[in-house]
$ cat model_21.cif   # mmCIF, C-alpha atoms and all ligand atoms
data_protein
loop_
_atom_site.label_atom_id
_atom_site.label_comp_id
_atom_site.auth_asym_id
_atom_site.auth_seq_id
_atom_site.Cartn_x
_atom_site.Cartn_y
_atom_site.Cartn_z
CA MET R 1 8.79 -40.65 4.92
CA ARG R 2 6.20 -37.89 4.62
CA LEU R 3 5.73 -38.65 0.92
CA LYS R 4 5.29 -42.34 1.73
CA ARG R 5 2.69 -41.56 4.37
CA LEU R 6 0.84 -39.31 1.94
CA ARG R 7 0.94 -41.92 -0.83
CA LYS R 8 -0.61 -44.49 1.52
CA GLU R 9 -3.37 -42.05 2.42
CA LEU R 10 -4.02 -41.11 -1.24
CA ILE R 11 -4.31 -44.77 -2.20
CA LYS R 12 -6.74 -45.29 0.68
CA ARG R 13 -8.84 -42.36 -0.56
CA GLY R 14 -8.51 -43.35 -4.21
CA ALA R 15 -7.17 -39.86 -4.96
CA ILE R 16 -4.00 -40.65 -6.85
CA PRO R 17 -2.10 -39.31 -8.80
CA TYR R 18 -2.32 -36.08 -6.85
CA LEU R 19 -1.04 -32.69 -8.05
CA ILE R 20 0.15 -30.51 -5.18
CA THR R 21 0.36 -26.79 -5.84
CA ASP R 22 0.30 -25.38 -2.30
CA LEU R 23 3.90 -24.31 -1.63
CA LYS R 24 3.55 -24.90 2.11
CA ASN R 25 2.42 -28.47 1.44
CA ILE R 26 5.33 -28.87 -0.98
CA LYS R 27 7.72 -27.57 1.65
CA TYR R 28 6.36 -30.03 4.19
CA LEU R 29 6.64 -32.97 1.82
CA THR R 30 9.92 -32.23 0.04
CA GLY R 31 11.82 -29.58 2.01
CA PHE R 32 11.69 -27.23 -1.01
CA SER R 33 10.89 -23.66 -0.03
CA GLY R 34 11.19 -21.68 -3.28
CA SER R 35 8.43 -19.72 -4.98
CA ASN R 36 7.70 -22.00 -7.96
CA GLY R 37 7.10 -25.71 -7.66
CA TYR R 38 4.58 -28.46 -8.44
CA LEU R 39 4.58 -31.94 -6.98
CA ILE R 40 2.87 -34.92 -8.54
CA VAL R 41 2.53 -37.94 -6.26
CA SER R 42 1.65 -41.11 -8.08
CA GLU R 43 1.50 -44.74 -6.94
CA LYS R 44 5.03 -45.54 -8.03
CA ASN R 45 6.97 -42.32 -7.67
CA SER R 46 6.82 -38.57 -7.17
CA ILE R 47 7.83 -35.86 -9.60
CA PHE R 48 8.84 -32.40 -8.54
CA ILE R 49 8.65 -29.63 -11.18
CA SER R 50 10.46 -26.33 -10.91
CA ASP R 51 12.38 -23.92 -13.14
CA SER R 52 16.10 -23.37 -13.69
CA ARG R 53 16.41 -20.79 -10.88
CA TYR R 54 15.74 -23.57 -8.40
CA GLU R 55 17.21 -26.60 -10.18
CA GLU R 56 20.40 -26.96 -8.13
CA TYR R 57 18.70 -26.12 -4.84
CA ALA R 58 15.68 -28.36 -5.47
CA LYS R 59 17.87 -31.34 -6.37
CA SER R 60 19.78 -30.86 -3.11
CA VAL R 61 16.70 -30.91 -0.87
CA ILE R 62 14.00 -33.11 -2.41
CA PRO R 63 13.82 -36.71 -1.15
CA GLU R 64 15.61 -39.47 -3.06
CA ASP R 65 12.39 -41.10 -4.21
CA CYS R 66 11.30 -37.84 -5.84
CA GLU R 67 12.34 -37.14 -9.43
CA PHE R 68 13.17 -33.60 -10.58
CA PHE R 69 11.60 -32.29 -13.80
CA LEU R 70 12.88 -29.03 -15.26
CA GLN R 71 10.16 -26.57 -16.26
CA GLU R 72 11.36 -24.81 -19.41
CA GLY R 73 8.19 -23.10 -20.63
CA ASN R 74 5.19 -22.38 -18.46
CA ALA R 75 4.04 -24.57 -15.59
CA PHE R 76 1.09 -26.01 -17.50
CA GLU R 77 3.33 -27.30 -20.29
CA ALA R 78 5.62 -28.89 -17.72
CA ILE R 79 2.76 -30.50 -15.83
CA SER R 80 1.14 -31.72 -19.03
CA SER R 81 4.31 -33.24 -20.46
CA THR R 82 5.09 -35.16 -17.23
CA ILE R 83 1.52 -36.43 -17.11
CA LYS R 84 1.28 -37.40 -20.77
CA LYS R 85 4.63 -39.20 -20.60
CA ARG R 86 3.23 -41.43 -17.87
CA GLY R 87 -0.10 -42.09 -19.55
CA ILE R 88 -2.08 -40.59 -16.68
CA LYS R 89 -5.80 -40.31 -17.48
CA GLU R 90 -7.09 -38.75 -14.28
CA ILE R 91 -5.46 -36.35 -11.83
CA TYR R 92 -6.57 -35.13 -8.41
CA VAL R 93 -5.92 -31.51 -7.42
CA GLU R 94 -6.03 -29.39 -4.27
CA ALA R 95 -9.42 -27.70 -4.52
CA SER R 96 -8.70 -25.20 -1.77
CA ASN R 97 -5.49 -23.95 -3.33
CA ILE R 98 -5.99 -23.58 -7.08
CA THR R 99 -7.74 -20.63 -8.65
CA LEU R 100 -10.34 -20.76 -11.39
CA ALA R 101 -7.71 -19.31 -13.76
CA PHE R 102 -5.23 -22.07 -12.88
CA HIS R 103 -7.93 -24.70 -13.28
CA SER R 104 -8.96 -23.43 -16.68
CA GLU R 105 -5.34 -23.28 -17.95
CA LEU R 106 -4.68 -26.76 -16.58
CA LYS R 107 -7.80 -28.04 -18.31
CA LYS R 108 -6.61 -26.60 -21.60
CA ALA R 109 -3.16 -28.16 -21.20
CA LEU R 110 -4.60 -31.54 -20.14
CA SER R 111 -7.49 -31.76 -22.58
CA LYS R 112 -7.71 -35.58 -22.38
CA VAL R 113 -7.14 -35.89 -18.64
CA LYS R 114 -9.92 -35.75 -16.07
CA ILE R 115 -9.22 -33.19 -13.33
CA VAL R 116 -10.81 -34.11 -9.99
CA PRO R 117 -10.88 -31.60 -7.10
CA VAL R 118 -10.03 -32.90 -3.62
CA ILE R 119 -11.80 -30.78 -1.04
CA ASP R 120 -10.57 -32.34 2.17
CA ASP R 121 -6.78 -31.70 2.03
CA PRO R 122 -4.95 -34.95 2.91
CA VAL R 123 -1.65 -33.08 3.46
CA ALA R 124 -3.33 -30.83 6.05
CA ASP R 125 -4.23 -33.95 8.03
CA LEU R 126 -0.60 -35.12 7.99
CA ARG R 127 0.70 -31.65 8.86
CA ALA R 128 -1.65 -31.40 11.84
CA ILE R 129 0.39 -34.03 13.71
CA LYS R 130 3.89 -32.81 14.40
CA ASP R 131 7.06 -34.87 14.62
CA GLU R 132 9.74 -34.32 17.26
CA ASN R 133 11.75 -31.91 15.17
CA GLU R 134 8.69 -29.80 14.36
CA ILE R 135 7.71 -29.71 18.03
CA SER R 136 11.15 -28.53 19.05
CA LEU R 137 11.08 -25.75 16.44
CA ILE R 138 7.63 -24.61 17.59
CA LYS R 139 8.85 -24.69 21.21
CA GLU R 140 11.74 -22.43 20.25
CA ALA R 141 9.39 -20.08 18.36
CA CYS R 142 7.22 -19.91 21.50
CA ALA R 143 10.23 -19.29 23.76
CA ILE R 144 11.35 -16.37 21.55
CA THR R 145 7.80 -15.01 21.67
CA ASP R 146 7.80 -15.19 25.47
CA ARG R 147 11.12 -13.33 25.56
CA CYS R 148 9.61 -10.71 23.26
CA PHE R 149 6.69 -10.25 25.67
CA ASP R 150 9.14 -9.80 28.58
CA HIS R 151 11.01 -7.25 26.53
CA LEU R 152 7.78 -5.39 25.72
CA LEU R 153 6.94 -5.08 29.41
CA GLN R 154 10.09 -2.95 29.72
CA PHE R 155 9.52 -1.15 26.42
CA ILE R 156 5.87 -0.13 26.86
CA LYS R 157 5.27 3.15 28.64
CA PRO R 158 2.51 5.72 28.40
CA GLY R 159 3.35 7.82 25.35
CA VAL R 160 4.63 5.06 23.07
CA THR R 161 2.30 4.34 20.18
CA GLU R 162 0.71 1.11 19.05
CA TRP R 163 2.82 1.36 15.92
CA ASP R 164 6.04 1.76 17.98
CA ILE R 165 5.20 -1.48 19.80
CA SER R 166 4.36 -3.28 16.59
CA VAL R 167 7.70 -2.24 15.03
CA GLU R 168 9.54 -3.26 18.21
CA ILE R 169 7.95 -6.74 18.03
CA ASP R 170 9.11 -7.17 14.44
CA TYR R 171 12.61 -5.93 15.28
CA PHE R 172 12.87 -8.15 18.37
CA PHE R 173 11.94 -11.26 16.40
CA LYS R 174 14.37 -10.53 13.60
CA ARG R 175 17.15 -9.73 16.07
CA ASN R 176 16.52 -13.09 17.68
CA GLY R 177 16.87 -15.36 14.69
CA CYS R 178 13.38 -15.24 13.23
CA ARG R 179 12.65 -14.78 9.56
CA SER R 180 9.58 -12.66 10.22
CA CYS R 181 6.50 -12.17 12.33
CA ALA R 182 3.94 -14.95 11.97
CA PHE R 183 1.42 -12.21 11.06
CA ASP R 184 1.22 -8.44 11.45
CA PRO R 185 1.13 -8.00 15.23
CA ILE R 186 -2.17 -6.85 16.70
CA VAL R 187 -1.44 -4.05 19.16
CA ALA R 188 -4.76 -2.61 20.25
CA SER R 189 -5.04 -0.05 23.01
CA GLY R 190 -8.10 1.29 24.80
CA SER R 191 -11.38 0.80 22.98
CA GLY R 192 -9.53 -0.53 19.89
CA SER R 193 -9.05 -3.78 21.79
CA SER R 194 -12.72 -4.62 21.26
CA MET R 195 -11.92 -5.38 17.61
CA PRO R 196 -10.36 -8.87 17.54
CA HIS R 197 -8.26 -8.19 14.42
CA TYR R 198 -7.50 -4.51 14.97
CA LYS R 199 -4.57 -2.94 13.05
CA PRO R 200 -2.09 -0.85 15.08
CA GLU R 201 -2.20 2.89 14.51
CA ASN R 202 -0.13 5.91 15.42
CA LYS R 203 -2.06 6.12 18.66
CA LYS R 204 -0.43 6.70 22.04
CA ILE R 205 -0.91 4.25 24.90
CA GLU R 206 -3.06 6.04 27.47
CA PRO R 207 -2.82 5.56 31.24
CA GLY R 208 -5.90 3.82 32.61
CA GLY R 209 -6.48 1.93 29.38
CA ILE R 210 -6.11 -1.67 28.35
CA LEU R 211 -3.62 -3.02 25.81
CA LEU R 212 -4.09 -6.21 23.81
CA ILE R 213 -1.06 -7.69 22.05
CA ASP R 214 -1.40 -10.68 19.72
CA MET R 215 1.87 -11.73 18.13
CA GLY R 216 3.93 -14.63 16.88
CA CYS R 217 7.15 -15.33 15.03
CA VAL R 218 8.40 -17.67 12.35
CA PHE R 219 11.45 -19.60 13.54
CA GLN R 220 13.03 -21.94 10.99
CA GLY R 221 9.73 -22.20 9.16
CA TYR R 222 7.52 -22.75 12.22
CA ASN R 223 5.07 -20.34 13.83
CA SER R 224 4.07 -19.35 17.36
CA ASP R 225 0.99 -17.48 18.55
CA LEU R 226 0.52 -15.59 21.82
CA THR R 227 -1.98 -13.02 23.06
CA ARG R 228 -1.81 -11.13 26.33
CA THR R 229 -3.96 -8.26 27.53
CA ILE R 230 -2.42 -5.88 30.06
CA PHE R 231 -3.48 -2.77 31.93
CA ILE R 232 -1.70 0.57 31.61
CA ASP R 233 -1.01 2.49 34.82
CA LYS R 234 -4.16 1.40 36.66
CA ILE R 235 -6.81 -1.28 36.55
CA ASP R 236 -10.23 -0.60 35.06
CA PRO R 237 -12.44 -2.70 37.41
CA ALA R 238 -15.05 -3.58 34.76
CA LEU R 239 -12.37 -4.84 32.36
CA ALA R 240 -10.56 -6.63 35.21
CA GLU R 241 -13.76 -8.59 35.83
CA ILE R 242 -13.87 -9.55 32.15
CA TYR R 243 -10.18 -10.49 32.34
CA GLU R 244 -10.95 -12.94 35.14
CA ILE R 245 -13.75 -14.57 33.11
CA VAL R 246 -11.54 -14.95 30.03
CA PHE R 247 -8.72 -16.30 32.20
CA GLN R 248 -11.00 -18.91 33.75
CA ALA R 249 -12.51 -19.83 30.37
CA GLN R 250 -9.01 -20.37 29.01
CA SER R 251 -7.95 -22.47 32.03
CA LYS R 252 -11.03 -24.65 31.70
CA ALA R 253 -10.40 -25.20 27.99
CA LEU R 254 -6.70 -25.94 28.57
CA ASN R 255 -7.52 -28.49 31.24
CA ALA R 256 -9.91 -30.25 28.87
CA VAL R 257 -7.28 -30.72 26.13
CA LYS R 258 -6.37 -34.37 25.56
CA PRO R 259 -6.11 -36.82 22.67
CA GLY R 260 -9.53 -38.00 21.51
CA LEU R 261 -11.45 -34.88 22.53
CA ASP R 262 -13.79 -33.46 19.88
CA THR R 263 -12.66 -29.96 18.78
CA GLY R 264 -16.25 -28.65 18.73
CA LYS R 265 -16.65 -29.84 22.33
CA LEU R 266 -13.40 -28.14 23.31
CA ASP R 267 -14.72 -24.85 21.90
CA SER R 268 -17.89 -25.29 23.93
CA VAL R 269 -15.96 -25.71 27.20
CA ALA R 270 -14.83 -22.07 26.99
CA ARG R 271 -17.93 -20.82 25.18
CA ASN R 272 -20.43 -22.27 27.65
CA PHE R 273 -18.55 -20.74 30.57
CA ILE R 274 -18.41 -17.30 28.91
CA THR R 275 -22.10 -17.60 28.02
CA GLN R 276 -23.02 -18.49 31.62
CA LYS R 277 -21.25 -15.33 32.72
CA GLY R 278 -23.42 -13.34 30.31
CA TYR R 279 -20.89 -12.62 27.56
CA GLY R 280 -21.71 -15.30 25.00
CA GLU R 281 -22.58 -12.63 22.41
CA ASN R 282 -19.19 -10.99 22.95
CA PHE R 283 -17.11 -14.04 21.97
CA GLY R 284 -17.57 -14.11 18.21
CA HIS R 285 -14.58 -16.09 16.97
CA GLY R 286 -13.55 -19.71 17.35
CA LEU R 287 -11.56 -20.94 20.34
CA GLY R 288 -8.41 -21.80 18.41
CA HIS R 289 -6.58 -23.33 15.48
CA GLY R 290 -3.66 -25.55 14.60
CA VAL R 291 -0.21 -23.93 14.32
CA GLY R 292 2.78 -25.16 12.32
CA ILE R 293 4.23 -24.19 8.94
CA ASP R 294 1.16 -21.94 8.68
CA ILE R 295 -0.04 -19.76 11.51
CA HIS R 296 -3.57 -21.05 10.90
CA GLU R 297 -3.80 -24.69 9.91
CA SER R 298 -5.70 -27.85 10.85
CA PRO R 299 -7.44 -28.51 13.13
CA ALA R 300 -9.93 -25.65 13.43
CA ILE R 301 -11.32 -25.40 16.95
CA LYS R 302 -14.73 -23.88 16.36
CA LYS R 303 -18.34 -24.27 17.22
CA ASN R 304 -20.09 -26.96 15.12
CA ILE R 305 -16.87 -28.20 13.51
CA SER R 306 -16.09 -31.71 14.58
CA SER R 307 -12.69 -33.40 14.49
CA LYS R 308 -10.64 -35.25 17.07
CA LEU R 309 -7.61 -33.95 18.89
CA LYS R 310 -4.61 -36.23 18.47
CA LYS R 311 -1.32 -36.55 20.26
CA ASN R 312 1.35 -34.15 18.93
CA MET R 313 -1.08 -31.66 17.44
CA VAL R 314 -0.15 -28.06 18.22
CA ILE R 315 -3.13 -25.77 18.71
CA THR R 316 -4.03 -22.40 20.19
CA ILE R 317 -6.54 -21.79 22.95
CA GLU R 318 -7.69 -18.17 22.69
CA PRO R 319 -11.03 -17.17 24.18
CA GLY R 320 -11.93 -13.48 24.24
CA ILE R 321 -14.66 -11.07 25.30
CA TYR R 322 -15.10 -7.88 23.29
CA ILE R 323 -17.31 -4.96 24.34
CA PRO R 324 -17.74 -2.56 21.40
CA GLY R 325 -16.64 0.99 22.19
CA ARG R 326 -15.26 -0.11 25.54
CA GLY R 327 -12.48 -2.66 25.15
CA GLY R 328 -11.68 -6.33 24.85
CA VAL R 329 -9.68 -9.07 26.50
CA ARG R 330 -8.16 -12.12 24.82
CA ILE R 331 -5.73 -14.61 26.32
CA GLU R 332 -4.02 -17.01 23.95
CA ASP R 333 -1.46 -19.75 24.30
CA THR R 334 0.11 -22.17 21.87
CA VAL R 335 -0.40 -25.67 23.25
CA LEU R 336 0.91 -29.15 22.49
CA VAL R 337 -1.57 -32.03 22.74
CA SER R 338 0.39 -34.65 24.69
CA GLN R 339 -0.23 -38.26 25.65
CA GLN R 340 -1.39 -37.22 29.12
CA GLY R 341 -3.27 -34.11 28.05
CA PHE R 342 -1.51 -30.91 27.16
CA GLU R 343 1.65 -28.85 27.49
CA VAL R 344 1.46 -25.05 27.27
CA LEU R 345 4.35 -23.93 25.05
CA THR R 346 3.95 -20.17 25.51
CA LYS R 347 4.77 -19.46 29.13
CA SER R 348 4.26 -15.70 29.51
CA SER R 349 2.49 -14.77 32.74
CA LYS R 350 -1.31 -14.57 32.72
CA ASP R 351 -1.47 -12.70 36.04
CA LEU R 352 -3.19 -9.36 35.81
CA ILE R 353 -0.31 -7.16 34.68
CA VAL R 354 -0.26 -3.38 35.24
CA ILE R 355 2.58 -1.34 33.79
MN MN P 1 -4.24 -17.31 17.10
#
$ encode --input "model_21.cif" --output "structure tokens"
Amino acid sequence: MRLKRLRKELIKRGAIPYLITDLKNIKYLTGFSGSNGYLIVSEKNSIFISDSRYEEYAKSVIPEDCEFFLQEGNAFEAISSTIKKRGIKEIYVEASNITLAFHSELKKALSKVKIVPVIDDPVADLRAIKDENEISLIKEACAITDRCFDHLLQFIKPGVTEWDISVEIDYFFKRNGCRSCAFDPIVASGSGSSMPHYKPENKKIEPGGILLIDMGCVFQGYNSDLTRTIFIDKIDPALAEIYEIVFQAQSKALNAVKPGLDTGKLDSVARNFITQKGYGENFGHGLGHGVGIDIHESPAIKKNISSKLKKNMVITIEPGIYIPGRGGVRIEDTVLVSQQGFEVLTKSSKDLIVI
């Protein structure tokens, strides 16, 4: 089904045959999740190339309309022999995934074939809209992440370190059926929270400080993403004021989410509010991103990037305000774009939490 939809799109774009090298795209299209594979989608059929380590597995998962080709030498020989056999004169490739080295080797192997880069990834557009099964897996990933946050509220005490919390997150996810974290958790205490992508250190959680936790898991191949910012022991009034602004910015953005809305406009809903409150300069990153097989995928929800929200996209809404040397607040949920508007999939409390 997915291959058929892609083929239709490639024909529409005139970008066929198409060589797919991104393993996440291959996984989405064929179900194959090994470490070596190449997929060629042409007008009539699809060919999947992999080596003998994966032969039995690949044949058991790839769709019926996809032919398996055994790679015996290197990948370029395999790609070139499948292409030559079919008399292909021109092949489209994923510009954002292949390296210069890959391109130059491919060019050598396909000396008579024109290689055309495709910049706007057609598979990313398909992946952005989730089917029912994908939505239920993301919902489960989000539910596990919420349970992890509940668990952390018991686990976190003054004296534990950022690193302890980060290890506990990883352990919780793995204990609860996840393959891994979606990304290295961000556990930023005190002034470290002003750095949006801070790395946890062996630093103790101090009473009176703030603690920002950004985490997600991978459940059966699908990611979740959640950020909460909490207060340790007592509330710092200046940061509590910032918390309220971020909370309201996030609520406003959430309430704007619906099919048809421009993603650049959605970013501006939160950004304009934060700017009005005087913190525009302190919200440097985009409002959100798509979530699925990758933790960051289409659509990007950023200033000056225009695309339309569609039903069954899963995105994050994550405004933040960061005051260098002082601290930062970010609140993030994973959200489903629904027919009526939106459904928040991460359900952890956004009340001001003090532990
Ligand atoms: Mn995120």
$ residues_near_ligand --input "model_21.cif" --ligand "ligand MN 1 (chain P)" --cutoff "8 Å" --atoms "only C-alpha atoms and all ligand atoms" --output "list in words"
Asp214, Asp225, Leu226, Thr227, Gly288, His289, Ile295, His296, Thr316, Ile317, Glu318 and Glu332 of chain R
$ residues_near_point --input "model_21.cif" --point "(6.8, -29.8, -7.8)" --cutoff "6 Å" --atoms "all atoms listed in the file" --output "list in words"
Gly37, Tyr38, Leu39, Phe48, Ile49 and Ser50 of chain R
$ atom_distance --input "model_21.cif" --atom1 "atom CA of Ile242 of chain R" --atom2 "atom CA of Ile321 of chain R"
7.1 Å
$ residues_around --input "model_21.cif" --residues "segment 74-78 of chain R" --least-positions-apart "6" --cutoff "12 Å" --atoms "all atoms listed in the file" --output "JSON, numbers by chain"
{"R": [19, 21, 36, 37, 38, 39, 40, 47, 48, 49, 50, 51, 52, 68, 84, 85, 101, 102, 103, 104, 105, 106, 107, 108, 109, 110, 111]}
$ residues_around --input "model_21.cif" --residues "Phe149 of chain R" --least-positions-apart "4" --cutoff "10 Å" --atoms "only C-alpha atoms" --output "count of residues only"
15
$ closest_residue --input "model_21.cif" --among "R:Ser33, R:Gln250, R:Thr346, R:Asn272" --to "Tyr57 of chain R" --atoms "only C-alpha atoms"
R:Ser33
$ atom_distance --input "model_21.cif" --atom1 "atom CA of Lys308 of chain R" --atom2 "atom CA of Tyr279 of chain R"
27.0 Å
$ closest_residue --input "model_21.cif" --among "R:Gln340, R:Gln71, R:Asn202, R:Ser268" --to "Ser166 of chain R" --atoms "all atoms listed in the file"
R:Asn202
$ atom_distance --input "model_21.cif" --atom1 "atom CA of Gly208 of chain R" --atom2 "atom CA of Ile232 of chain R"
5.4 Å
$ residues_near_point --input "model_21.cif" --point "(-15.7, -10.1, 18.3)" --cutoff "9 Å" --atoms "only C-alpha atoms" --output "list in words"
Ser194, Met195, Pro196, His197, Glu281, Asn282, Phe283, Gly284, His285, Gly320, Ile321, Tyr322, Ile323, Pro324 and Gly328 of chain R
$ residues_around --input "model_21.cif" --residues "Pro117 of chain R" --least-positions-apart "5" --cutoff "7 Å" --atoms "only C-alpha atoms" --output "list in words"
Tyr92, Val93, Glu94 and Ala95 of chain R
$ write_last_selection --input "model_21.cif" --atoms "C-alpha atoms" --output "PDB file, keeping the file's coordinate frame"
ATOM      1  CA  TYR R  92      -6.570 -35.130  -8.410  1.00  0.00           C
ATOM      2  CA  VAL R  93      -5.920 -31.510  -7.420  1.00  0.00           C
ATOM      3  CA  GLU R  94      -6.030 -29.390  -4.270  1.00  0.00           C
ATOM      4  CA  ALA R  95      -9.420 -27.700  -4.520  1.00  0.00           C
TER       5      ALA R  95
END
$ residues_around --input "model_21.cif" --residues "Ser298 of chain R" --least-positions-apart "2" --cutoff "8 Å" --atoms "only C-alpha atoms" --output "list in words"
Ala124, Asp125, Arg127, Ala128, His289, Gly290, Val291, His296 and Ala300 of chain R
